[in-house]
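model.tsv (TSV, C-alpha atoms and all ligand atoms)
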chain	number	residue	atom	x	y	z
A	1	MET	CA	15.68	48.34	8.12
A	2	PRO	CA	15.87	46.90	11.69
A	3	LEU	CA	15.49	43.11	11.74
A	4	PRO	CA	12.12	42.95	13.61
A	5	LEU	CA	10.65	45.52	11.20
A	6	ALA	CA	12.01	43.71	8.13
A	7	ALA	CA	10.71	40.40	9.48
A	8	GLY	CA	7.31	42.00	10.16
A	9	SER	CA	7.00	43.47	6.64
A	10	LEU	CA	8.07	40.23	4.98
A	11	GLN	CA	5.66	38.24	7.13
A	12	GLY	CA	2.84	40.70	6.36
A	13	LEU	CA	3.37	40.42	2.60
A	14	SER	CA	3.59	36.64	2.79
A	15	LEU	CA	0.37	36.49	4.82
A	16	LEU	CA	-1.39	38.59	2.19
A	17	ARG	CA	-0.09	36.31	-0.57
A	18	ALA	CA	-1.21	33.21	1.38
A	19	GLY	CA	-4.69	34.75	1.83
A	20	VAL	CA	-5.06	35.59	-1.88
A	21	ASN	CA	-3.98	32.06	-2.81
A	22	ARG	CA	-6.49	30.49	-0.42
A	23	VAL	CA	-9.26	32.42	-2.24
A	24	ILE	CA	-7.94	31.34	-5.67
A	25	GLY	CA	-7.80	27.74	-4.44
A	26	LEU	CA	-11.37	27.75	-3.11
A	27	PRO	CA	-13.02	25.97	-6.12
A	28	ASP	CA	-10.37	23.27	-5.93
A	29	LEU	CA	-10.86	22.95	-2.16
A	30	LEU	CA	-14.60	22.42	-2.67
A	31	ALA	CA	-14.03	19.95	-5.54
A	32	SER	CA	-11.69	17.92	-3.37
A	33	LEU	CA	-14.16	17.93	-0.46
A	34	ALA	CA	-16.82	16.70	-2.89
A	35	GLY	CA	-14.59	13.77	-3.83
A	36	LEU	CA	-13.24	15.11	-7.15
A	37	ARG	CA	-9.51	14.55	-6.90
A	38	PRO	CA	-7.80	14.26	-10.30
A	39	SER	CA	-4.05	13.82	-10.14
A	40	LYS	CA	-2.08	16.97	-9.28
A	41	ARG	CA	1.62	17.87	-9.25
A	42	LEU	CA	4.02	19.39	-6.76
A	43	ARG	CA	7.23	20.75	-8.29
A	44	LEU	CA	10.18	20.01	-6.06
A	45	GLN	CA	13.94	20.22	-5.77
A	46	VAL	CA	15.90	18.58	-2.95
A	47	ILE	CA	19.34	20.10	-2.30
A	48	LEU	CA	21.73	17.99	-0.23
A	49	LEU	CA	24.18	20.31	1.54
A	50	ARG	CA	27.91	19.71	1.91
A	51	ASP	CA	29.72	20.25	5.24
A	52	GLU	CA	32.89	22.29	5.85
A	53	GLU	CA	34.99	19.44	4.40
A	54	GLY	CA	32.87	19.32	1.28
A	55	GLU	CA	31.23	16.01	2.26
A	56	PRO	CA	27.47	15.62	1.72
A	57	VAL	CA	25.69	15.73	5.12
A	58	ALA	CA	23.81	12.49	4.33
A	59	PRO	CA	24.29	9.55	1.93
A	60	LEU	CA	22.44	10.16	-1.34
A	61	ALA	CA	20.73	6.75	-1.01
A	62	GLU	CA	19.14	7.84	2.31
A	63	VAL	CA	17.81	11.05	0.76
A	64	GLU	CA	16.40	9.10	-2.18
A	65	ALA	CA	14.73	6.60	0.18
A	66	ALA	CA	13.08	9.43	2.15
A	67	LEU	CA	11.97	10.97	-1.12
A	68	ALA	CA	10.50	7.70	-2.35
A	69	GLU	CA	8.50	7.47	0.90
A	70	THR	CA	7.37	11.09	0.45
A	71	ALA	CA	6.23	10.37	-3.12
A	72	ARG	CA	4.34	7.26	-1.97
A	73	VAL	CA	2.56	9.05	0.90
A	74	LEU	CA	1.55	12.13	-1.11
A	75	GLU	CA	0.24	10.03	-4.00
A	76	LEU	CA	-1.72	7.86	-1.57
A	77	ALA	CA	-3.08	10.62	0.68
A	78	ALA	CA	-3.47	13.53	-1.74
A	79	ARG	CA	-3.21	12.12	-5.30
A	80	THR	CA	-0.25	14.43	-5.80
A	81	ARG	CA	2.83	13.49	-7.80
A	82	LEU	CA	6.29	14.92	-7.15
A	83	VAL	CA	7.79	16.47	-10.27
A	84	PRO	CA	11.45	17.52	-10.46
A	85	THR	CA	12.19	21.13	-11.41
A	86	GLY	CA	15.37	20.00	-13.20
A	87	ASP	CA	16.74	16.68	-14.48
A	88	SER	CA	16.60	15.03	-11.08
A	89	LEU	CA	14.68	15.45	-7.83
A	90	VAL	CA	17.88	15.47	-5.74
A	91	VAL	CA	21.04	17.48	-6.36
A	92	THR	CA	24.11	17.80	-4.15
A	93	ALA	CA	25.20	21.41	-3.46
A	94	ASP	CA	28.30	22.57	-5.37
A	95	GLY	CA	30.39	23.60	-2.38
A	96	PRO	CA	30.37	23.71	1.45
A	97	ALA	CA	27.39	25.46	3.07
A	98	PRO	CA	27.88	28.11	5.81
A	99	ALA	CA	27.75	26.82	9.41
A	100	ALA	CA	24.52	28.77	10.05
A	101	ALA	CA	22.78	26.75	7.33
A	102	LEU	CA	24.37	23.39	8.21
A	103	ASP	CA	23.10	23.65	11.80
A	104	ALA	CA	19.92	25.63	11.25
A	105	PRO	CA	17.84	26.67	14.25
A	106	CYS	CA	14.05	26.33	14.16
A	107	THR	CA	12.10	28.04	16.91
A	108	SER	CA	8.55	29.31	16.77
A	109	GLN	CA	9.57	32.84	17.79
A	110	GLY	CA	12.71	32.94	15.73
A	111	LEU	CA	11.65	31.47	12.42
A	112	TRP	CA	11.42	34.78	10.63
A	113	ARG	CA	14.61	36.01	12.26
A	114	THR	CA	16.34	32.85	11.01
A	115	ASP	CA	14.86	33.42	7.58
A	116	LEU	CA	16.33	36.91	7.47
A	117	GLY	CA	19.66	35.89	9.00
A	118	PRO	CA	22.66	34.25	7.27
A	119	ALA	CA	20.99	30.80	7.08
A	120	GLY	CA	17.81	32.17	5.50
A	121	GLY	CA	19.86	34.30	3.11
A	122	PHE	CA	21.69	31.18	1.97
A	123	PHE	CA	18.47	29.15	1.62
A	124	ARG	CA	16.58	31.89	-0.19
A	125	GLY	CA	19.52	32.42	-2.54
A	126	LEU	CA	19.54	28.76	-3.61
A	127	ARG	CA	15.80	28.10	-3.56
A	128	ILE	CA	14.23	27.28	-6.90
A	129	ARG	CA	12.05	30.03	-8.32
A	130	GLY	CA	9.05	29.66	-10.56
A	131	GLY	CA	5.30	30.02	-10.79
A	132	LEU	CA	3.45	33.32	-11.00
A	133	ARG	CA	5.93	35.83	-9.66
A	134	PHE	CA	3.95	38.06	-7.32
A	135	ILE	CA	1.33	35.73	-5.95
A	136	GLY	CA	3.59	32.67	-5.92
A	137	ARG	CA	0.96	30.39	-7.50
A	138	GLY	CA	2.63	27.23	-8.82
A	139	ALA	CA	5.86	28.06	-6.99
A	140	PRO	CA	8.11	25.02	-6.59
A	141	LEU	CA	9.28	23.96	-3.13
A	142	THR	CA	12.94	23.48	-2.29
A	143	VAL	CA	13.99	21.03	0.43
A	144	PHE	CA	17.41	21.56	2.02
A	145	VAL	CA	18.90	18.51	3.71
A	146	VAL	CA	20.99	20.08	6.49
A	147	ARG	CA	23.30	18.54	9.10
A	148	ASP	CA	21.08	19.50	12.03
A	149	VAL	CA	17.78	21.29	12.41
A	150	VAL	CA	18.64	22.29	15.97
A	151	GLY	CA	16.19	20.67	18.41
A	152	LYS	CA	13.92	19.30	15.65
A	153	CYS	CA	13.91	17.00	12.62
A	154	GLY	CA	12.60	19.50	10.11
A	155	CYS	CA	11.47	23.10	9.75
A	156	SER	CA	9.01	24.98	7.56
A	157	LEU	CA	7.70	28.53	7.38
A	158	GLY	CA	4.33	27.02	6.55
A	159	PRO	CA	2.44	28.42	3.55
A	160	LEU	CA	4.45	31.65	3.86
A	161	GLY	CA	7.75	30.22	2.58
A	162	ASP	CA	9.00	28.37	-0.50
A	163	TYR	CA	11.58	26.18	1.20
A	164	VAL	CA	11.87	23.70	4.07
A	165	THR	CA	14.81	22.19	5.93
A	166	VAL	CA	15.15	18.54	6.90
A	167	ASP	CA	17.65	17.11	9.38
A	168	ALA	CA	20.05	14.52	7.91
A	169	GLU	CA	19.45	12.34	11.00
A	170	GLY	CA	15.68	12.52	10.51
A	171	LEU	CA	15.62	10.90	7.06
A	172	GLY	CA	15.16	7.34	8.28
A	173	GLY	CA	13.48	5.26	10.98
A	174	ARG	CA	10.56	6.68	12.94
A	175	THR	CA	11.02	10.15	11.40
A	176	ARG	CA	11.28	8.96	7.76
A	177	ARG	CA	8.10	10.88	6.86
A	178	ILE	CA	9.42	14.22	8.15
A	179	LEU	CA	10.12	15.35	4.58
A	180	ALA	CA	6.50	14.71	3.58
A	181	HIS	CA	5.36	16.30	6.88
A	182	GLU	CA	7.30	19.54	6.22
A	183	LEU	CA	5.88	19.72	2.68
A	184	GLY	CA	2.47	19.35	4.34
A	185	HIS	CA	3.17	22.49	6.42
A	186	SER	CA	4.22	24.39	3.29
A	187	CYS	CA	0.93	23.39	1.69
A	188	GLY	CA	-1.11	24.77	4.58
A	189	LEU	CA	-1.41	21.85	7.01
A	190	ARG	CA	-1.11	22.18	10.79
A	191	HIS	CA	-0.22	19.60	13.40
A	192	LYS	CA	-2.66	16.85	14.30
A	193	PRO	CA	-2.07	14.45	17.20
A	194	ASP	CA	-3.66	11.36	15.59
A	195	GLU	CA	-1.03	8.61	15.52
A	196	ARG	CA	-1.69	7.66	11.90
A	197	ASN	CA	-1.76	11.24	10.63
A	198	LEU	CA	1.06	12.66	8.49
A	199	MET	CA	0.89	15.89	10.50
A	200	ARG	CA	1.64	14.24	13.84
A	201	PRO	CA	4.69	16.18	15.10
A	202	LYS	CA	6.94	13.26	16.09
A	203	GLY	CA	7.01	10.07	14.08
A	204	PRO	CA	4.44	11.12	11.47
A	205	GLY	CA	1.99	8.58	10.06
A	206	GLU	CA	0.89	8.48	6.44
A	207	GLU	CA	-2.77	9.52	6.43
A	208	LEU	CA	-4.56	12.82	5.80
A	209	THR	CA	-8.17	13.60	6.67
A	210	VAL	CA	-10.58	14.64	3.88
A	211	TRP	CA	-10.21	18.27	4.99
A	212	GLN	CA	-6.40	18.11	5.10
A	213	THR	CA	-6.35	16.53	1.63
A	214	ALA	CA	-8.50	19.37	0.30
A	215	VAL	CA	-6.29	22.05	1.93
A	216	PHE	CA	-3.13	20.41	0.61
A	217	ARG	CA	-4.44	19.98	-2.94
A	218	SER	CA	-5.71	23.58	-3.16
A	219	SER	CA	-2.45	25.10	-1.93
A	220	ARG	CA	-0.46	27.41	-4.21
A	221	HIS	CA	2.29	24.79	-4.64
A	222	VAL	CA	0.03	22.02	-5.96
A	223	THR	CA	-1.05	22.40	-9.60
A	224	TYR	CA	-2.67	20.49	-12.46
A	225	LEU	CA	0.02	21.37	-15.04
B	301	ZN	ZN	5.52	19.86	12.03
What does the file become when written as structure tokens?
Ligand SMILES: [Zn+2]
Amino acid sequence: MPLPLAAGSLQGLSLLRAGVNRVIGLPDLLASLAGLRPSKRLRLQVILLRDEEGEPVAPLAEVEAALAETARVLELAARTRLVPTGDSLVVTADGPAPAAALDAPCTSQGLWRTDLGPAGGFFRGLRIRGGLRFIGRGAPLTVFVVRDVVGKCGCSLGPLGDYVTVDAEGLGGRTRRILAHELGHSCGLRHKPDERNLMRPKGPGEELTVWQTAVFRSSRHVTYL
């Protein structure tokens, strides 16, 4: 199948799945808007890639610090706890990753092309599977720590994908909440310019509005069990 056609079909199916999940999540959205927010869980695996020499692209301690900040922000803003899919939230990849994945492009026009190219093939091959197979309810999210998200600090296919990429350089400092921000995109959140908001594109804050909290908590990745 030609690439644009394959990308179009995949995007169409993912849009349908996202729509069905929004309907299923409606009672939870309304409950959250009404102030009922019991603790929920987001199943997660962070995979730290290795470069051509086999070296991890970032120190494990930096990844763990970014993850601790992510856990703090999501608990505070959305009463959502990060739960590992395996023994530990972070694992280091077994061997070197392909160059296309180490330096992964992220452009608004090319996201689906990237997803269907060699980088996306690599990411989709390693992503953690789970949840209800066809509708993707309860599907875990996989975070890939890459050497460079070209031109950005992180990348997400929004609610249509099950994985995100985060730039090794973006794990600390002003961009230390990029990991939480990308998970926000995967759970249905869009950008918001407010300085204190988690969905501010550069240098995210740590807050979510009542509406954003409800959207996040009723996403297909966030569950009670
Ligand atoms: Zn963003």
- re atom CA of Leu42 of chain A and atom CA of Gly138 of chain A: distance 8.2 Å
Hey, which residues sit close to ligand ZN 301 (chain B)? Say within 8 Å, counting all atoms listed in the file, and write them as a short mmCIF file (atom, residue, chain, number, x, y, z; two decimals) with C-alpha atoms, in the coordinates of the input.
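Once everything was written out, this is out.cif:
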data_model
loop_
_atom_site.label_atom_id
_atom_site.label_comp_id
_atom_site.auth_asym_id
_atom_site.auth_seq_id
_atom_site.Cartn_x
_atom_site.Cartn_y
_atom_site.Cartn_z
CA GLY A 154 12.60 19.50 10.11
CA CYS A 155 11.47 23.10 9.75
CA SER A 156 9.01 24.98 7.56
CA ILE A 178 9.42 14.22 8.15
CA HIS A 181 5.36 16.30 6.88
CA GLU A 182 7.30 19.54 6.22
CA HIS A 185 3.17 22.49 6.42
CA ARG A 190 -1.11 22.18 10.79
CA HIS A 191 -0.22 19.60 13.40
CA MET A 199 0.89 15.89 10.50
CA ARG A 200 1.64 14.24 13.84
CA PRO A 201 4.69 16.18 15.10
CA LYS A 202 6.94 13.26 16.09
#
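From atom CA of Val73 of chain A back to atom CA of Arg177 of chain A, the distance works out to 8.3 Å.
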- Write out as a PyMOL selection string the residues lying within 10 Å of Arg196 of chain A, counting only C-alpha atoms and excluding same-chain residues fewer than 3 positions away. chain A and resi 192-193+199-200+203-208
- Message: So that I can see what lies close to Thr213 of chain A, please list as a ChimeraX atom specification the residues with an atom at most 12 Å from it, counting only C-alpha atoms and leaving out residues fewer than 2 positions away in the same chain.
- Response: /A:28-37,40,73-80,184,187-190,197-199,206-211,215-219,222
- Which is closest to Leu157 of chain A among A:Glu169, A:Asp115, A:Glu53, A:Glu64, if we use all atoms listed in the file? A:Asp115
- Item | Option closest in space to Ala68 of chain A, from A:Val166, A:Leu179, A:Ala6, A:Leu15 [counting all atoms listed in the file] | A:Leu179
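Nearest residue to Arg81 of chain A among A:Arg50, A:Arg127, A:Arg22, A:His221 is A:His221, counting all atoms listed in the file.
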Restrict the calculation to all atoms listed in the file, then for each residue of segment 132-218 of chain A with any atom at most 10 Å from an atom of segment 88-92 of chain A give the closest atom pair and their distance in Å to one decimal, rows by chain and rising residue number, as a Markdown table.
| residue | atom | partner | partner_atom | distance |
| --- | --- | --- | --- | --- |
| A:Thr142 | CA | A:Leu89 | CA | 9.9 |
| A:Val143 | CA | A:Val90 | CA | 9.2 |
| A:Phe144 | CA | A:Thr92 | CA | 9.9 |
| A:Val145 | CA | A:Thr92 | CA | 9.5 |
- Item | Top pick for closest residue to Gly136 of chain A, considering A:Val57, A:Asp94, A:Asp162, A:Gln45 and counting only C-alpha atoms |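 Nearest to Gly136 of chain A: A:Asp162.
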Missing atoms in segment 80-103 of chain A: can you complete it with N, CA and C atoms, as a compact mmCIF listing (two decimals), in the frame of the given file?
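Once everything was written out, this is out.txt:
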# COMPACT_ATOMS: atom_id res chain seq x y z
N THR A 80 -1.18 13.41 -5.32
CA THR A 80 -0.25 14.43 -5.80
C THR A 80 1.09 13.78 -6.11
N ARG A 81 1.59 14.09 -7.33
CA ARG A 81 2.83 13.49 -7.80
C ARG A 81 3.97 14.50 -7.67
N LEU A 82 5.13 14.04 -7.23
CA LEU A 82 6.29 14.92 -7.15
C LEU A 82 6.94 15.02 -8.52
N VAL A 83 7.19 16.26 -8.95
CA VAL A 83 7.79 16.47 -10.27
C VAL A 83 9.08 17.26 -10.09
N PRO A 84 10.20 16.78 -10.63
CA PRO A 84 11.45 17.52 -10.46
C PRO A 84 11.44 18.83 -11.23
N THR A 85 12.11 19.86 -10.69
CA THR A 85 12.19 21.13 -11.41
C THR A 85 13.33 21.09 -12.43
N GLY A 86 14.27 20.16 -12.24
CA GLY A 86 15.37 20.00 -13.20
C GLY A 86 15.40 18.57 -13.69
N ASP A 87 16.62 18.05 -13.97
CA ASP A 87 16.74 16.68 -14.48
C ASP A 87 16.44 15.65 -13.41
N SER A 88 16.74 16.02 -12.15
CA SER A 88 16.60 15.03 -11.08
C SER A 88 16.00 15.69 -9.85
N LEU A 89 15.31 14.88 -9.04
CA LEU A 89 14.68 15.45 -7.83
C LEU A 89 15.73 15.87 -6.79
N VAL A 90 16.86 15.15 -6.74
CA VAL A 90 17.88 15.47 -5.74
C VAL A 90 19.16 15.96 -6.41
N VAL A 91 19.71 17.05 -5.92
CA VAL A 91 21.04 17.48 -6.36
C VAL A 91 21.89 17.71 -5.11
N THR A 92 23.20 17.51 -5.25
CA THR A 92 24.11 17.80 -4.15
C THR A 92 24.69 19.19 -4.40
N ALA A 93 24.72 20.02 -3.32
CA ALA A 93 25.20 21.41 -3.46
C ALA A 93 26.62 21.42 -4.02
N ASP A 94 26.97 22.48 -4.74
CA ASP A 94 28.30 22.57 -5.37
C ASP A 94 29.44 22.62 -4.36
N GLY A 95 29.29 23.45 -3.34
CA GLY A 95 30.39 23.60 -2.38
C GLY A 95 29.88 23.58 -0.96
N PRO A 96 30.79 23.73 0.04
CA PRO A 96 30.37 23.71 1.45
C PRO A 96 29.34 24.81 1.76
N ALA A 97 28.41 24.48 2.64
CA ALA A 97 27.39 25.46 3.07
C ALA A 97 27.92 26.19 4.31
N PRO A 98 27.46 27.42 4.59
CA PRO A 98 27.88 28.11 5.81
C PRO A 98 27.37 27.37 7.06
N ALA A 99 28.11 27.52 8.17
CA ALA A 99 27.75 26.82 9.41
C ALA A 99 26.32 27.12 9.83
N ALA A 100 25.88 28.37 9.63
CA ALA A 100 24.52 28.77 10.05
C ALA A 100 23.46 27.95 9.33
N ALA A 101 23.74 27.55 8.09
CA ALA A 101 22.78 26.75 7.33
C ALA A 101 22.91 25.26 7.64
N LEU A 102 24.15 24.82 7.91
CA LEU A 102 24.37 23.39 8.21
C LEU A 102 23.68 22.99 9.50
N ASP A 103 23.76 23.90 10.52
CA ASP A 103 23.10 23.65 11.80
C ASP A 103 22.07 24.76 11.97
